[in-house]
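Engineer: So that you have it, the file is protein-v3.pdb, and it contains PDB, C-alpha atoms:
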ATOM      1  CA  TYR A   1       0.000   0.000   0.000
ATOM      2  CA  PRO A   2       2.408   2.700  -1.168
ATOM      3  CA  TYR A   3       0.069   5.691  -0.829
ATOM      4  CA  LEU A   4      -1.819   5.055   2.415
ATOM      5  CA  GLY A   5       0.261   2.326   4.103
ATOM      6  CA  VAL A   6      -1.007  -0.595   6.164
ATOM      7  CA  GLY A   7      -2.073   1.359   9.225
ATOM      8  CA  ASN A   8      -0.471   2.344  12.479
ATOM      9  CA  LYS A   9       1.342  -0.521  14.273
ATOM     10  CA  ASN A  10       0.346  -3.066  11.587
ATOM     11  CA  TYR A  11       3.810  -3.624  10.122
ATOM     12  CA  ARG A  12       4.349  -6.987  11.799
ATOM     13  CA  HIS A  13       0.914  -8.267  10.801
ATOM     14  CA  GLU A  14       1.567  -7.518   7.140
ATOM     15  CA  THR A  15       5.100  -8.918   7.067
ATOM     16  CA  CYS A  16       4.060 -12.232   8.610
ATOM     17  CA  VAL A  17       0.992 -12.866   6.419
ATOM     18  CA  ASN A  18       2.625 -14.634   3.443
ATOM     19  CA  LYS A  19       5.258 -16.632   5.233
ATOM     20  CA  GLU A  20       6.383 -19.347   2.833
ATOM     21  CA  ASN A  21       9.890 -19.658   4.231
ATOM     22  CA  LYS A  22       9.503 -21.158   7.715
ATOM     23  CA  SER A  23      12.949 -19.919   8.830
ATOM     24  CA  TYR A  24      11.864 -16.289   8.294
ATOM     25  CA  VAL A  25      11.548 -14.321  11.514
ATOM     26  CA  CYS A  26       8.813 -11.685  11.541
ATOM     27  CA  GLU A  27      10.025  -8.299  12.686
ATOM     28  CA  THR A  28       7.870  -6.022  14.824
ATOM     29  CA  HIS A  29       9.137  -2.808  13.220
ATOM     30  CA  PRO A  30      11.678  -1.815  10.540
ATOM     31  CA  HIS A  31      14.185  -0.314  13.062
ATOM     32  CA  GLN A  32      14.332   3.061  11.318
ATOM     33  CA  ILE A  33      11.772   5.791  11.868
ATOM     34  CA  TYR A  34      11.386   6.843   8.219
ATOM     35  CA  PHE A  35      10.940   3.263   6.999
ATOM     36  CA  GLU A  36       8.387   2.691   9.748
ATOM     37  CA  LEU A  37       6.425   5.789   8.793
ATOM     38  CA  LEU A  38       6.526   4.898   5.087
ATOM     39  CA  SER A  39       5.471   1.290   5.588
ATOM     40  CA  GLU A  40       2.705   1.993   8.084
ATOM     41  CA  HIS A  41       1.349   5.332   6.807
ATOM     42  CA  GLY A  42       2.396   5.415   3.167
ATOM     43  CA  ILE A  43       3.709   8.421   1.312
ATOM     44  CA  LEU A  44       0.749  10.676   2.096
ATOM     45  CA  GLY A  45       0.650   9.900   5.796
ATOM     46  CA  THR A  46       4.411  10.216   6.147
ATOM     47  CA  LEU A  47       4.437  13.619   4.469
ATOM     48  CA  PHE A  48       1.596  14.790   6.701
ATOM     49  CA  ILE A  49       3.205  13.526   9.931
ATOM     50  CA  LEU A  50       6.617  14.948   9.042
ATOM     51  CA  ALA A  51       5.076  18.292   8.038
ATOM     52  CA  VAL A  52       3.232  18.615  11.360
ATOM     53  CA  PHE A  53       6.274  17.631  13.435
ATOM     54  CA  SER A  54       8.572  19.869  11.376
ATOM     55  CA  PHE A  55       6.255  22.843  11.888
ATOM     56  CA  LEU A  56       6.061  22.245  15.651
ATOM     57  CA  LEU A  57       9.791  21.679  16.046
ATOM     58  CA  LEU A  58      10.970  24.585  13.905
ATOM     59  CA  ARG A  59       8.495  26.984  15.495
ATOM     60  CA  GLY A  60       9.546  25.894  18.959
ATOM     61  CA  PHE A  61      13.235  26.099  18.097
ATOM     62  CA  LYS A  62      12.909  29.607  16.671
ATOM     63  CA  VAL A  63      11.064  30.938  19.717
ATOM     64  CA  ASN A  64      13.388  29.212  22.204
ATOM     65  CA  ILE A  65      16.456  30.653  20.462
ATOM     66  CA  GLU A  66      14.926  34.150  20.580
ATOM     67  CA  GLU A  67      14.139  33.761  24.291
ATOM     68  CA  LYS A  68      17.484  32.056  25.043
ATOM     69  CA  ASN A  69      15.527  29.301  26.777
ATOM     70  CA  PHE A  70      18.078  26.561  27.401
ATOM     71  CA  ILE A  71      15.522  24.039  28.642
ATOM     72  CA  GLY A  72      13.586  24.358  25.391
ATOM     73  CA  ILE A  73      16.767  24.136  23.343
ATOM     74  CA  GLY A  74      17.779  20.976  25.219
ATOM     75  CA  CYS A  75      14.381  19.423  24.513
ATOM     76  CA  PHE A  76      14.735  20.390  20.860
ATOM     77  CA  CYS A  77      18.100  18.619  20.705
ATOM     78  CA  TYR A  78      16.465  15.383  21.868
ATOM     79  CA  LEU A  79      13.584  15.809  19.427
ATOM     80  CA  PHE A  80      16.014  16.491  16.595
ATOM     81  CA  THR A  81      17.988  13.318  17.327
ATOM     82  CA  VAL A  82      14.792  11.262  17.153
ATOM     83  CA  PHE A  83      14.427  12.228  13.480
ATOM     84  CA  THR A  84      18.115  11.812  12.575
ATOM     85  CA  PRO A  85      18.040   9.376   9.637
ATOM     86  CA  LEU A  86      21.413   7.709  10.290
ATOM     87  CA  ILE A  87      20.583   6.400  13.751
ATOM     88  CA  PRO A  88      18.638   3.129  13.999
ATOM     89  CA  SER A  89      15.734   3.461  16.369
ATOM     90  CA  GLY A  90      13.032   1.402  17.939
ATOM     91  CA  SER A  91       9.421   1.637  16.950
ATOM     92  CA  PHE A  92       8.376   5.289  17.058
ATOM     93  CA  PHE A  93       4.808   4.476  18.076
ATOM     94  CA  SER A  94       5.773   2.185  20.959
ATOM     95  CA  ASP A  95       4.880   3.343  24.445
ATOM     96  CA  TYR A  96       8.436   4.194  25.491
ATOM     97  CA  ASN A  97       9.559   6.158  22.433
ATOM     98  CA  ILE A  98       6.361   8.121  21.861
ATOM     99  CA  SER A  99       6.172   8.974  25.581
ATOM    100  CA  LEU A 100       9.688  10.424  25.592
ATOM    101  CA  PHE A 101       8.984  12.301  22.377
ATOM    102  CA  PHE A 102       5.802  13.977  23.609
ATOM    103  CA  ILE A 103       7.189  14.678  27.093
ATOM    104  CA  ASN A 104      10.103  16.570  25.517
ATOM    105  CA  LEU A 105       7.794  18.320  23.048
ATOM    106  CA  SER A 106       5.530  19.377  25.926
ATOM    107  CA  ILE A 107       8.418  20.638  28.030
ATOM    108  CA  MET A 108       9.795  22.569  25.051
ATOM    109  CA  TYR A 109       6.463  24.346  24.586
ATOM    110  CA  ALA A 110       5.677  24.766  28.300
ATOM    111  CA  SER A 111       9.046  26.304  29.174
ATOM    112  CA  SER A 112       8.640  29.055  26.577
ATOM    113  CA  LYS A 113       6.871  32.289  27.502
ATOM    114  CA  LYS A 114       5.522  32.841  23.984
ATOM    115  CA  LEU A 115       4.443  29.263  23.250
ATOM    116  CA  ASN A 116       2.897  28.337  26.598
ATOM    117  CA  ILE A 117      -0.881  28.700  26.271
ATOM    118  CA  PHE A 118      -1.350  29.328  29.997
ATOM    119  CA  ASN A 119       0.821  32.474  29.994
ATOM    120  CA  LYS A 120      -1.464  34.354  27.599
TER     121      LYS A 120
END
I need this file expressed as structure tokens, please.

Structural biologist:
Amino acid sequence: YPYLGVGNKNYRHETCVNKENKSYVCETHPHQIYFELLSEHGILGTLFILAVFSFLLLRGFKVNIEEKNFIGIGCFCYLFTVFTPLIPSGSFFSDYNISLFFINLSIMYASSKKLNIFNK
């Protein structure tokens, strides 16, 4: 399904369906975030997800640099390393990885005076 993918967290179900070689081991995820997004969400879903995350990250980075907010910049550094294409990673949508991602994203936005919705 190149355009829409197989659905979130369905990679292992699709790879194990036509198992003719009995020595083949089914993998739970492709061990690289971009391959996981492409296989599970297709081209359209991957572009949408990456566009949303890019907008949030770049906006947060710009504001945190202007404010010289080192906590926000530190959170951005973690978020940037999650999307580094050379580093193998676990499944992005697993509980552990997605929790760390959104905790850092939340801290980056909450520590900023301009981005925090409760300071307005």

Engineer: Given the file shown, enumerate the residues that the PyMOL selection byres ((chain A and resi 4) around 8) captures and present them as an MDAnalysis selection string.

Structural biologist: chainID A and resid 1:3 5:7 40:45

Engineer: Applied to the shown file, which residues does the PyMOL selection byres ((chain A and resi 108) around 7) return, written as a PyMOL selection string?

Structural biologist: chain A and resi 60+71-72+75-76+104-107+109-112

Engineer: Could you list, as a PyMOL selection string, every residue matched by the PyMOL selection byres ((chain A and resi 49-55) around 10) in this structure?

Structural biologist: chain A and resi 34+37+41+44-48+56-61+79-80+83+105

Engineer: Atom CA of Ile33 of chain A and atom CA of Pro88 of chain A, how far apart in Å?

Structural biologist: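 Going from atom CA of Pro88 of chain A over to atom CA of Ile33 of chain A covers 7.7 Å.
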
Engineer: Find the distance between atom CA of Ile117 of chain A and atom CA of Thr84 of chain A and write it in Å to one decimal.

Structural biologist: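 These atoms are spaced 28.9 Å apart.
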
Engineer: Would you work out the distance separating atom CA of Ser91 of chain A from atom CA of Cys77 of chain A, expressed in Å to one decimal?

Structural biologist: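 Between atom CA of Ser91 of chain A and atom CA of Cys77 of chain A the gap is 19.4 Å.
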
Engineer: With all atoms listed in the file as the atoms that count, which of A:Phe101, A:Lys114, A:Tyr96, A:Ile87 lies nearest to His31 of chain A?

Structural biologist: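 Looking at the shortest contact to His31 of chain A, the residue is A:Ile87.
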
Engineer: Just checking: using only C-alpha atoms, which residue out of A:Asn119, A:Lys9, A:Phe93, A:Lys113 ends up closest to Glu66 of chain A?

Structural biologist: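 Residue with the minimum atom-to-atom distance to Glu66 of chain A: A:Lys113.
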
Engineer: Here is a test: counting only C-alpha atoms, which residue of A:Cys16, A:Leu115, A:Gln32, A:Gly90 is nearest to Asn69 of chain A?

Structural biologist: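 Among the listed residues, the smallest separation from Asn69 of chain A belongs to A:Leu115.
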
Engineer: Calculated over all atoms listed in the file, which of the candidates A:Ile103, A:Tyr78, A:Asn10, A:Ser94 has the smallest distance to Leu38 of chain A?

Structural biologist: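 Closest to Leu38 of chain A, using all atoms listed in the file: A:Asn10.
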
Engineer: Might I get the box with edges along x, y and z of the file that holds all atoms of segment 31-41 of chain A listed there, padded by 3 Å on every side, given as centre and edge lengths in Å to one decimal, as lines of an AutoDock Vina configuration file?

Structural biologist:
center_x = 7.8
center_y = 3.3
center_z = 9.1
size_x = 19.0
size_y = 13.2
size_z = 14.0
